[in-house]
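S.K.: So here's query24.pdb, just PDB, C-alpha atoms:
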```pdb
ATOM      1  CA  MET I  89      31.591-108.976  21.546
ATOM      2  CA  LYS I  90      28.536-108.829  19.325
ATOM      3  CA  PHE I  91      26.977-105.671  17.889
ATOM      4  CA  ALA I  92      23.492-105.035  16.527
ATOM      5  CA  VAL I  93      22.713-102.157  14.185
ATOM      6  CA  LEU I  94      18.969-101.548  14.173
ATOM      7  CA  VAL I  95      17.275-100.809  10.869
ATOM      8  CA  PHE I  96      13.991 -98.908  10.661
ATOM      9  CA  PRO I  97      12.195 -97.956   7.466
ATOM     10  CA  GLY I  98      14.027 -94.736   6.618
ATOM     11  CA  SER I  99      17.293 -95.424   8.488
ATOM     12  CA  ASN I 100      20.185 -94.274   6.309
ATOM     13  CA  CYS I 101      23.296 -94.466   8.499
ATOM     14  CA  ASP I 102      22.923 -98.172   9.256
ATOM     15  CA  ILE I 103      25.567 -99.219   6.722
ATOM     16  CA  ASP I 104      28.048 -96.619   8.029
ATOM     17  CA  CYS I 105      27.584 -97.935  11.575
ATOM     18  CA  TYR I 106      27.961-101.527  10.435
ATOM     19  CA  LYS I 107      31.135-100.707   8.492
ATOM     20  CA  ALA I 108      32.572 -98.724  11.398
ATOM     21  CA  VAL I 109      32.225-101.729  13.720
ATOM     22  CA  GLU I 110      33.560-104.066  11.044
ATOM     23  CA  ASN I 111      36.522-101.909  10.036
ATOM     24  CA  VAL I 112      37.557-100.400  13.370
ATOM     25  CA  LEU I 113      36.958-103.418  15.586
ATOM     26  CA  GLY I 114      36.532-106.432  13.321
ATOM     27  CA  GLU I 115      33.908-107.751  15.722
ATOM     28  CA  PRO I 116      30.734-109.573  14.649
ATOM     29  CA  VAL I 117      27.877-107.221  13.750
ATOM     30  CA  ASP I 118      24.356-107.824  12.426
ATOM     31  CA  TYR I 119      21.670-105.645  10.934
ATOM     32  CA  VAL I 120      18.529-106.119  13.032
ATOM     33  CA  TRP I 121      15.153-105.202  11.516
ATOM     34  CA  HIS I 122      12.784-103.046  13.579
ATOM     35  CA  THR I 123      10.300-105.915  13.951
ATOM     36  CA  ALA I 124      12.811-108.111  15.840
ATOM     37  CA  THR I 125      11.688-109.304  19.261
ATOM     38  CA  ASP I 126      14.948-110.699  20.610
ATOM     39  CA  LEU I 127      18.217-108.856  21.205
ATOM     40  CA  THR I 128      19.651-111.310  23.723
ATOM     41  CA  PRO I 129      22.627-112.319  21.503
ATOM     42  CA  TYR I 130      23.926-108.732  21.402
ATOM     43  CA  ASP I 131      26.213-106.833  23.774
ATOM     44  CA  CYS I 132      25.916-103.414  22.136
ATOM     45  CA  ILE I 133      22.954-102.015  20.247
ATOM     46  CA  ILE I 134      23.456 -99.127  17.844
ATOM     47  CA  VAL I 135      20.409 -97.074  16.888
ATOM     48  CA  PRO I 136      21.552 -95.367  13.687
ATOM     49  CA  GLY I 137      20.737 -92.069  12.032
ATOM     50  CA  GLY I 138      18.318 -91.383   9.225
ATOM     51  CA  PHE I 139      14.687 -90.401   8.865
ATOM     52  CA  SER I 140      12.863 -93.352  10.378
ATOM     53  CA  TYR I 141       9.185 -93.378   9.392
ATOM     54  CA  GLY I 142       9.854 -90.194   7.441
ATOM     55  CA  ASP I 143      10.102 -88.231  10.708
ATOM     56  CA  TYR I 144       6.282 -88.197  10.639
ATOM     57  CA  LEU I 145       4.636 -86.451  13.596
ATOM     58  CA  ARG I 146       8.028 -85.879  15.294
ATOM     59  CA  CYS I 147      11.498 -87.328  14.730
ATOM     60  CA  GLY I 148      11.531 -90.749  16.371
ATOM     61  CA  ALA I 149       7.911 -90.562  17.558
ATOM     62  CA  ILE I 150       6.706 -93.551  15.526
ATOM     63  CA  SER I 151       9.907 -95.613  15.699
ATOM     64  CA  ARG I 152       9.817 -95.736  19.463
ATOM     65  CA  PHE I 153       6.792 -98.024  19.186
ATOM     66  CA  ALA I 154       8.551-100.499  16.873
ATOM     67  CA  PRO I 155       8.640-103.988  18.446
ATOM     68  CA  VAL I 156      12.440-103.923  18.728
ATOM     69  CA  MET I 157      12.287-100.890  21.034
ATOM     70  CA  ASN I 158      10.860-103.007  23.870
ATOM     71  CA  GLU I 159      13.978-105.139  23.552
ATOM     72  CA  VAL I 160      16.208-102.059  23.513
ATOM     73  CA  ALA I 161      14.596-100.951  26.786
ATOM     74  CA  LYS I 162      15.261-104.393  28.280
ATOM     75  CA  ALA I 163      18.869-104.357  27.071
ATOM     76  CA  ALA I 164      19.382-100.897  28.587
ATOM     77  CA  GLU I 165      17.877-102.122  31.847
ATOM     78  CA  GLU I 166      20.282-105.085  31.846
ATOM     79  CA  GLY I 167      23.223-102.710  31.494
ATOM     80  CA  LYS I 168      24.057-103.523  27.887
ATOM     81  CA  PHE I 169      25.526-100.696  25.827
ATOM     82  CA  VAL I 170      23.047 -98.705  23.742
ATOM     83  CA  LEU I 171      24.346 -96.008  21.385
ATOM     84  CA  GLY I 172      21.888 -93.722  19.597
ATOM     85  CA  ILE I 173      23.315 -91.487  16.889
ATOM     86  CA  CYS I 174      21.379 -88.582  15.359
ATOM     87  CA  ASN I 175      17.918 -90.002  14.574
ATOM     88  CA  GLY I 176      18.883 -92.778  17.002
ATOM     89  CA  PHE I 177      19.312 -90.129  19.727
ATOM     90  CA  GLN I 178      15.888 -88.694  18.844
ATOM     91  CA  ILE I 179      14.343 -92.162  19.088
ATOM     92  CA  LEU I 180      15.947 -92.823  22.502
ATOM     93  CA  THR I 181      14.614 -89.526  23.913
ATOM     94  CA  GLU I 182      11.131 -90.233  22.518
ATOM     95  CA  ALA I 183      11.313 -93.678  24.116
ATOM     96  CA  GLY I 184      12.199 -92.104  27.458
ATOM     97  CA  LEU I 185      15.527 -93.951  27.644
ATOM     98  CA  LEU I 186      17.311 -90.584  27.669
ATOM     99  CA  PRO I 187      16.123 -87.258  29.110
ATOM    100  CA  GLY I 188      15.161 -84.214  27.025
ATOM    101  CA  ALA I 189      14.052 -83.716  23.443
ATOM    102  CA  LEU I 190      15.491 -82.505  20.134
ATOM    103  CA  ARG I 191      13.947 -79.395  18.561
ATOM    104  CA  ARG I 192      14.294 -77.772  15.151
ATOM    105  CA  ASN I 193      17.713 -76.134  14.720
ATOM    106  CA  MET I 194      17.713 -72.506  15.803
ATOM    107  CA  SER I 195      18.930 -71.479  12.311
ATOM    108  CA  MET I 196      16.060 -73.432  10.691
ATOM    109  CA  LYS I 197      18.727 -74.914   8.411
ATOM    110  CA  PHE I 198      19.875 -78.479   8.001
ATOM    111  CA  ALA I 199      23.442 -78.396   9.355
ATOM    112  CA  CYS I 200      25.898 -80.750   7.657
ATOM    113  CA  ARG I 201      29.539 -80.101   8.555
ATOM    114  CA  ASP I 202      32.398 -80.996  10.864
ATOM    115  CA  THR I 203      32.048 -79.804  14.444
ATOM    116  CA  VAL I 204      34.532 -79.668  17.299
ATOM    117  CA  LEU I 205      33.304 -81.503  20.387
ATOM    118  CA  LYS I 206      34.710 -81.424  23.879
ATOM    119  CA  VAL I 207      34.735 -84.723  25.738
ATOM    120  CA  GLU I 208      33.065 -83.717  29.007
ATOM    121  CA  ASN I 209      32.892 -87.135  30.599
ATOM    122  CA  ASN I 210      35.475 -89.750  29.690
ATOM    123  CA  ALA I 211      34.296 -92.148  32.387
ATOM    124  CA  THR I 212      31.605 -93.763  30.239
ATOM    125  CA  PRO I 213      31.864 -97.022  28.271
ATOM    126  CA  PHE I 214      31.670 -94.913  25.093
ATOM    127  CA  THR I 215      34.338 -92.330  25.885
ATOM    128  CA  ARG I 216      36.953 -94.022  28.090
ATOM    129  CA  ASP I 217      39.641 -93.983  25.374
ATOM    130  CA  TYR I 218      39.395 -90.187  25.069
ATOM    131  CA  GLU I 219      41.191 -87.769  27.379
ATOM    132  CA  ALA I 220      38.975 -85.703  29.680
ATOM    133  CA  GLY I 221      38.455 -82.360  27.949
ATOM    134  CA  GLU I 222      39.859 -83.676  24.667
ATOM    135  CA  GLU I 223      38.668 -81.802  21.585
ATOM    136  CA  ILE I 224      37.618 -84.022  18.717
ATOM    137  CA  VAL I 225      36.293 -83.387  15.214
ATOM    138  CA  ILE I 226      33.074 -85.245  14.399
ATOM    139  CA  PRO I 227      30.584 -84.318  11.655
ATOM    140  CA  ILE I 228      26.944 -83.407  12.242
ATOM    141  CA  ALA I 229      24.084 -83.790   9.745
ATOM    142  CA  HIS I 230      20.714 -82.801  11.146
ATOM    143  CA  GLY I 231      17.824 -80.361  10.946
ATOM    144  CA  GLU I 232      16.476 -81.137  14.403
ATOM    145  CA  GLY I 233      19.377 -81.471  16.791
ATOM    146  CA  ASN I 234      18.621 -78.564  19.081
ATOM    147  CA  TYR I 235      18.728 -80.302  22.460
ATOM    148  CA  TYR I 236      16.242 -79.174  25.072
ATOM    149  CA  CYS I 237      15.578 -80.068  28.681
ATOM    150  CA  ASP I 238      14.153 -78.003  31.521
ATOM    151  CA  GLU I 239      16.336 -76.346  34.176
ATOM    152  CA  ALA I 240      15.776 -79.072  36.769
ATOM    153  CA  THR I 241      16.769 -81.806  34.306
ATOM    154  CA  LEU I 242      19.827 -79.810  33.244
ATOM    155  CA  GLU I 243      20.929 -79.536  36.873
ATOM    156  CA  GLU I 244      20.526 -83.282  37.217
ATOM    157  CA  LEU I 245      22.522 -83.941  34.023
ATOM    158  CA  ARG I 246      25.331 -81.762  35.344
ATOM    159  CA  SER I 247      25.442 -83.206  38.831
ATOM    160  CA  ASN I 248      25.301 -86.821  37.569
ATOM    161  CA  ASN I 249      27.962 -86.195  34.908
ATOM    162  CA  GLN I 250      25.526 -87.214  32.180
ATOM    163  CA  ILE I 251      26.753 -84.648  29.646
ATOM    164  CA  ALA I 252      29.182 -86.668  27.531
ATOM    165  CA  PHE I 253      29.949 -84.100  24.821
ATOM    166  CA  ARG I 254      29.560 -80.366  24.331
ATOM    167  CA  TYR I 255      29.960 -78.407  21.090
ATOM    168  CA  LYS I 256      32.838 -75.967  21.107
ATOM    169  CA  SER I 257      30.784 -73.698  18.869
ATOM    170  CA  ASN I 258      27.047 -74.370  19.186
ATOM    171  CA  PRO I 259      25.683 -75.235  15.704
ATOM    172  CA  ASN I 260      21.976 -75.641  16.503
ATOM    173  CA  GLY I 261      20.944 -73.795  19.664
ATOM    174  CA  SER I 262      21.219 -76.743  22.060
ATOM    175  CA  VAL I 263      20.802 -75.976  25.742
ATOM    176  CA  ASP I 264      24.217 -75.664  27.457
ATOM    177  CA  ASP I 265      25.963 -76.572  24.123
ATOM    178  CA  ILE I 266      24.996 -80.196  24.692
ATOM    179  CA  ALA I 267      25.951 -82.597  21.867
ATOM    180  CA  GLY I 268      25.478 -85.899  23.687
ATOM    181  CA  VAL I 269      24.050 -87.215  26.965
ATOM    182  CA  THR I 270      23.990 -90.525  28.785
ATOM    183  CA  ASN I 271      21.384 -92.054  31.044
ATOM    184  CA  LYS I 272      22.063 -92.027  34.765
ATOM    185  CA  ALA I 273      23.698 -95.458  34.729
ATOM    186  CA  GLY I 274      25.952 -94.403  31.846
ATOM    187  CA  ASN I 275      25.272 -97.406  29.582
ATOM    188  CA  VAL I 276      23.007 -95.515  27.168
ATOM    189  CA  LEU I 277      24.482 -92.661  25.106
ATOM    190  CA  GLY I 278      22.680 -90.431  22.627
ATOM    191  CA  MET I 279      24.482 -87.893  20.461
ATOM    192  CA  MET I 280      23.679 -85.839  17.383
ATOM    193  CA  PRO I 281      27.194 -85.941  15.820
ATOM    194  CA  HIS I 282      28.179 -89.017  13.794
ATOM    195  CA  PRO I 283      31.248 -90.890  15.149
ATOM    196  CA  GLU I 284      30.685 -93.613  12.538
ATOM    197  CA  ARG I 285      31.468 -91.037   9.844
ATOM    198  CA  ALA I 286      34.808 -90.225  11.492
ATOM    199  CA  VAL I 287      36.715 -93.500  11.361
ATOM    200  CA  ASN I 288      38.988 -93.158   8.354
ATOM    201  CA  GLU I 289      41.439 -90.546   7.009
ATOM    202  CA  ILE I 290      39.539 -90.511   3.740
ATOM    203  CA  LEU I 291      36.499 -89.225   5.653
ATOM    204  CA  GLY I 292      38.513 -86.267   6.917
ATOM    205  CA  THR I 293      38.719 -87.323  10.558
ATOM    206  CA  THR I 294      39.397 -90.462  12.555
ATOM    207  CA  ASP I 295      38.329 -89.031  15.907
ATOM    208  CA  GLY I 296      35.283 -91.334  16.065
ATOM    209  CA  LYS I 297      37.443 -94.461  16.241
ATOM    210  CA  LYS I 298      38.070 -94.117  19.958
ATOM    211  CA  MET I 299      34.338 -94.364  20.619
ATOM    212  CA  PHE I 300      34.293 -97.826  19.112
ATOM    213  CA  THR I 301      37.510 -98.913  20.854
ATOM    214  CA  SER I 302      36.097 -97.508  24.120
ATOM    215  CA  ILE I 303      33.030 -99.719  23.794
ATOM    216  CA  ILE I 304      34.989-102.892  23.248
ATOM    217  CA  ASN I 305      37.508-102.091  25.969
ATOM    218  CA  ALA I 306      34.683-101.411  28.420
ATOM    219  CA  TRP I 307      33.046-104.691  27.477
ATOM    220  CA  ARG I 308      36.307-106.622  27.750
ATOM    221  CA  GLU I 309      36.959-105.158  31.157
ATOM    222  CA  GLN I 310      33.504-106.259  32.295
ATOM    223  CA  HIS I 311      34.171-109.689  30.845
ATOM    224  CA  ASP I 312      37.738-110.004  32.084
ATOM    225  CA  ALA I 313      39.355-110.247  28.664
ATOM    226  CA  ALA I 314      42.462-108.526  27.359
ATOM    227  CA  ASN I 315      42.156-104.974  26.075
ATOM    228  CA  VAL I 316      42.729-104.176  22.412
ATOM    229  CA  ARG I 317      44.942-101.542  20.814
TER     230      ARG I 317
ATOM    231  CA  MET O 234     -17.576 -88.661  17.410
ATOM    232  CA  LYS O 235     -14.789 -86.392  16.279
ATOM    233  CA  ALA O 236     -11.778 -85.226  18.281
ATOM    234  CA  LYS O 237      -9.877 -82.105  17.302
ATOM    235  CA  VAL O 238      -6.386 -82.120  18.791
ATOM    236  CA  TYR O 239      -4.094 -79.092  18.945
ATOM    237  CA  VAL O 240      -0.410 -79.563  19.758
ATOM    238  CA  THR O 241       1.806 -76.533  20.337
ATOM    239  CA  ILE O 242       5.329 -75.969  21.564
ATOM    240  CA  LYS O 243       5.382 -74.977  25.255
ATOM    241  CA  GLN O 244       5.559 -71.283  26.010
ATOM    242  CA  SER O 245       8.825 -71.824  27.865
ATOM    243  CA  VAL O 246      10.431 -73.505  24.823
ATOM    244  CA  LEU O 247      11.747 -71.551  21.849
ATOM    245  CA  ASP O 248       9.851 -72.223  18.591
ATOM    246  CA  PRO O 249      12.368 -71.474  15.785
ATOM    247  CA  GLN O 250       9.745 -71.967  13.056
ATOM    248  CA  GLY O 251       7.380 -69.523  14.734
ATOM    249  CA  VAL O 252      10.166 -66.953  15.063
ATOM    250  CA  ALA O 253      11.047 -67.325  11.361
ATOM    251  CA  VAL O 254       7.422 -66.931  10.238
ATOM    252  CA  GLN O 255       6.980 -63.936  12.547
ATOM    253  CA  GLY O 256      10.017 -62.338  10.877
ATOM    254  CA  ALA O 257       8.506 -63.005   7.433
ATOM    255  CA  LEU O 258       5.236 -61.340   8.466
ATOM    256  CA  HIS O 259       7.160 -58.334   9.745
ATOM    257  CA  SER O 260       8.975 -58.044   6.422
ATOM    258  CA  LEU O 261       5.562 -58.035   4.697
ATOM    259  CA  GLY O 262       4.556 -55.063   6.805
ATOM    260  CA  PHE O 263       2.470 -56.862   9.447
ATOM    261  CA  ASN O 264       4.319 -55.086  12.230
ATOM    262  CA  GLU O 265       1.529 -55.604  14.753
ATOM    263  CA  VAL O 266       2.518 -59.298  15.051
ATOM    264  CA  GLU O 267       3.991 -59.621  18.531
ATOM    265  CA  SER O 268       4.455 -63.345  18.669
ATOM    266  CA  LEU O 269       3.641 -66.379  16.586
ATOM    267  CA  ARG O 270       3.795 -70.038  17.481
ATOM    268  CA  ILE O 271       3.410 -72.937  15.091
ATOM    269  CA  GLY O 272       1.584 -76.084  16.116
ATOM    270  CA  LYS O 273      -0.164 -79.128  14.738
ATOM    271  CA  TYR O 274      -3.848 -79.746  14.253
ATOM    272  CA  MET O 275      -5.238 -83.269  14.064
ATOM    273  CA  GLU O 276      -8.751 -84.504  13.364
ATOM    274  CA  ILE O 277      -9.569 -87.927  14.711
ATOM    275  CA  GLU O 278     -12.773 -89.811  13.886
ATOM    276  CA  LEU O 279     -13.770 -92.015  16.783
ATOM    277  CA  GLY O 280     -16.046 -95.049  16.513
ATOM    278  CA  ASP O 281     -18.538 -96.218  19.069
ATOM    279  CA  VAL O 282     -17.488 -94.494  22.303
ATOM    280  CA  THR O 283     -19.242 -92.374  24.894
ATOM    281  CA  GLN O 284     -18.160 -88.810  25.547
ATOM    282  CA  GLU O 285     -16.671 -89.901  28.853
ATOM    283  CA  GLU O 286     -14.672 -92.759  27.330
ATOM    284  CA  ALA O 287     -13.482 -90.518  24.502
ATOM    285  CA  GLU O 288     -12.128 -87.950  27.011
ATOM    286  CA  GLY O 289      -9.868 -90.532  28.587
ATOM    287  CA  ARG O 290      -8.879 -92.203  25.330
ATOM    288  CA  VAL O 291      -7.921 -88.992  23.542
ATOM    289  CA  LYS O 292      -5.987 -87.741  26.556
ATOM    290  CA  SER O 293      -4.070 -91.003  26.576
ATOM    291  CA  MET O 294      -3.385 -90.703  22.800
ATOM    292  CA  CYS O 295      -1.947 -87.242  23.389
ATOM    293  CA  GLU O 296       0.220 -88.333  26.309
ATOM    294  CA  LYS O 297       1.517 -91.467  24.593
ATOM    295  CA  LEU O 298       2.059 -90.335  21.025
ATOM    296  CA  LEU O 299       0.468 -87.179  19.659
ATOM    297  CA  ALA O 300       2.435 -84.748  21.838
ATOM    298  CA  ASN O 301       5.909 -84.954  23.331
ATOM    299  CA  THR O 302       5.162 -83.420  26.703
ATOM    300  CA  VAL O 303       8.823 -82.568  27.275
ATOM    301  CA  VAL O 304       8.492 -79.755  24.744
ATOM    302  CA  GLU O 305       4.818 -79.626  23.708
ATOM    303  CA  ASP O 306       1.410 -78.809  25.183
ATOM    304  CA  TYR O 307      -1.841 -80.225  23.863
ATOM    305  CA  ARG O 308      -5.547 -79.570  24.102
ATOM    306  CA  TYR O 309      -8.525 -81.171  22.410
ATOM    307  CA  GLU O 310     -12.203 -80.731  21.694
ATOM    308  CA  LEU O 311     -14.777 -83.484  21.257
ATOM    309  CA  GLU O 312     -17.673 -83.061  18.862
ATOM    310  CA  GLY O 313     -20.778 -85.078  18.101
TER     311      GLY O 313
END
```
Show me, as C-alpha cells, the structure contained in the file I just sent.

M.R.:
Amino acid sequence: MKFAVLVFPGSNCDIDCYKAVENVLGEPVDYVWHTATDLTPYDCIIVPGGFSYGDYLRCGAISRFAPVMNEVAKAAEEGKFVLGICNGFQILTEAGLLPGALRRNMSMKFACRDTVLKVENNATPFTRDYEAGEEIVIPIAHGEGNYYCDEATLEELRSNNQIAFRYKSNPNGSVDDIAGVTNKAGNVLGMMPHPERAVNEILGTTDGKKMFTSIINAWREQHDAANVR
Amino acid sequence: MKAKVYVTIKQSVLDPQGVAVQGALHSLGFNEVESLRIGKYMEIELGDVTQEEAEGRVKSMCEKLLANTVVEDYRYELEG
C-alpha cells in the first residue's frame, strides 16, 4: 500500500505524517508537492496540518485551488482513502470534499493540548481498529477548529453516521462536540486532532496508531491480502 | 472600474472575534454597543469590463473564493 503526504507552502506536519506511516506501518510513503498533477500511484492521501499559504483569506481557502487538489478530488471519487488532519481538514472543507467549515475557536485562543476523543463510528476505513465508543487521547493544536454546519447538515451527518469522533470535553466550541467527520461514502475523513502526533510512548500517547493500522487493514481487506498486527 | 467587496460572518453563525471586541468596548465604557461583527473588506481594481460583466465576474469571485458561503455572507459595490 502506498501513501502520499501532500506538501503545501506552509505545511508543517508533513514530516510527522510521513514518519507515522513509516514507523507504524513501514509502508512506502512519498512527499507530494502541491503542484503535482498525478496521484494515481497512491492508495491513501494524507493532507497534513500547518498554515498553508499563511492561512491567507481563510484557512485552506487558497490551497484548495492548488493543482494537486483536483487529483485529490478524483482520488476521493475513486474511493481511495483521503485523510485531512487539522489544516488538511480545513482544506478538505474548503474544497467541498467534506461538509461544514472551521471557525475561530470560541475562546479566541490557540489550543495546544491533549484531548479525549470518543470514537463515534468505528465502521470507517480510518477507525475500524478502534472499539465503538472507545475513548482515546489525541493532541490538538489549532486556533480555528471550531466546526460549524447548519442544522440540516448536522441531521444528515448524524443519520449517515458521518461523525467519526467527538470531543469528550469541547475545546473550541464545535457544533455537537464534533472533532472529525467523514464524507457520505466514508473514504474521506477530516479531523482537527493529530493522530500522527500520538504514535509513540515518547509523545505521551500511542492512541493514534490504530488509525494507521485501520487504514492498512481496510486496504488489505479490499485487496484480499492478509491483515497486519 | 473598482469593486468593493464586504465579507461578513452570517448572522446565524457565532463570530467569536466580534464577541471579544464587543466585550473590550464594554470594558472601555461603550455600553451602548449591542452587537459587533467583524468582517473583511476588499478593494479590487478591474480592467476593461462593462458594468454588466463586472457584476457577474465579481459575484463569481465571491462565490468561488472570496467568501465561504457555508459561514459567510458577501455584498459588493461597483464604482467607476

S.K.: Which distance in Å separates atom CA of O:Lys243 and atom CA of O:Glu286, to one decimal?

M.R.: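 Atom-to-atom, atom CA of O:Lys243 and atom CA of O:Glu286 are spaced 26.9 Å apart.
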
S.K.: Hey, can you check how far atom CA of O:Lys273 sits from atom CA of I:His230?

M.R.: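 It comes out at 21.5 Å.
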
S.K.: Just need the residues of chain O within 10 Å of chain I, counting only C-alpha atoms, so spit them out as a PyMOL selection string.

M.R.: chain O and resi 242+245-250+252-253+273+297-304

S.K.: Please list as a ChimeraX atom specification every residue within 7 Å of O:Thr241, counting all atoms listed in the file and excluding residues in the same chain fewer than 4 positions away.

M.R.: /O:271-273,305-307

S.K.: When you look at I:Thr212 with a cut-off of 9 Å (counting all atoms listed in the file), what residues show up, excluding the ones that are within fewer than 4 positions of it in the same chain? I need them as a PyMOL selection string.

M.R.: chain I and resi 216+252+270+274-275+277+302-303+306

S.K.: For this structure, which residues satisfy the selection - the PyMOL selection byres ((chain O and resi 310) around 8) - when it is evaluated on the file as given? I want them as a list in words.

M.R.: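 Taken over the shown coordinates, the PyMOL selection byres ((chain O and resi 310) around 8) returns Ala236, Lys237, Val238, Arg308, Tyr309, Leu311 and Glu312 of chain O.
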
S.K.: As an exercise, work out the distance from atom CA of I:Phe177 to atom CA of I:Thr301 in Å and give it to one decimal place.

M.R.: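 About the pair atom CA of I:Phe177 and atom CA of I:Thr301: they are 20.2 Å apart.
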
S.K.: Pull out every residue that the PyMOL selection byres ((chain I and resi 210) around 10) matches in the shown coordinates and put them as a list in words.

M.R.: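 Selected by the PyMOL selection byres ((chain I and resi 210) around 10) here: Val207, Glu208, Asn209, Ala211, Thr212, Pro213, Phe214, Thr215, Arg216, Asp217, Tyr218, Glu219, Ala220, Gly221, Glu222, Asn249, Ala252, Phe253 and Ser302 of chain I.
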
S.K.: So, counting only C-alpha atoms, which residue among I:Val204, I:Ala163, I:Ile266, I:Ile228 is closest to I:Arg246?

M.R.: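 Distance minimum relative to I:Arg246 lands on I:Ile266.
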
S.K.: Here is a test: counting only C-alpha atoms, which residue of O:Met234, O:Glu267, O:Glu296, O:Ala257 is nearest to O:Val282?

M.R.: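 Among the listed residues, the smallest separation from O:Val282 belongs to O:Met234.
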
S.K.: Can you translate the PyMOL selection byres ((chain I and resi 139) around 7) into the concrete residues it hits in this file, as a list in words?

M.R.: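 Output of the PyMOL selection byres ((chain I and resi 139) around 7): Gly98, Ser99, Gly138, Ser140, Tyr141, Gly142, Asp143 and Asn175 of chain I.
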
S.K.: Within 12 Å of stretch 283-287 of chain I, which residues of stretch 108-196 of chain I show up? Give each one with its shortest atom-to-atom distance in Å (one decimal) and the two atoms involved, counting all atoms listed in the file, rows by chain then rising residue number, as a tab-separated table.

M.R.:
```
residue	atom	partner	partner_atom	distance
I:Ala108	CA	I:Glu284	CA	5.6
I:Val109	CA	I:Glu284	CA	8.3
I:Glu110	CA	I:Glu284	CA	10.9
I:Asn111	CA	I:Val287	CA	8.5
I:Val112	CA	I:Val287	CA	7.2
I:Leu113	CA	I:Val287	CA	10.8
I:Ile134	CA	I:Glu284	CA	10.5
I:Val135	CA	I:Glu284	CA	11.7
I:Pro136	CA	I:Glu284	CA	9.4
I:Gly137	CA	I:Glu284	CA	10.1
I:Leu171	CA	I:Pro283	CA	10.6
I:Gly172	CA	I:Pro283	CA	10.7
I:Ile173	CA	I:Pro283	CA	8.1
I:Cys174	CA	I:Pro283	CA	10.1
```

S.K.: Counting all atoms listed in the file, which residue out of I:Leu291, I:Ala267, I:Ala183, I:Ala124 sits closest to I:Pro155?

M.R.: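 Closest to I:Pro155 of all the choices is I:Ala124.
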
S.K.: Ranking O:Val240, O:Gly280, O:Lys292, O:Gly251 by minimum distance to O:Val266 and counting all atoms listed in the file, which one comes first?

M.R.: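 Using all atoms listed in the file, the shortest distance to O:Val266 belongs to O:Gly251.
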
S.K.: Using only C-alpha atoms, pick whichever of I:Pro227, I:Gly167, I:Gly148, I:Gly268 has the shortest atom-to-atom distance to I:Cys132.

M.R.: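 When distances to I:Cys132 are compared using only C-alpha atoms, the smallest one comes from I:Gly167.
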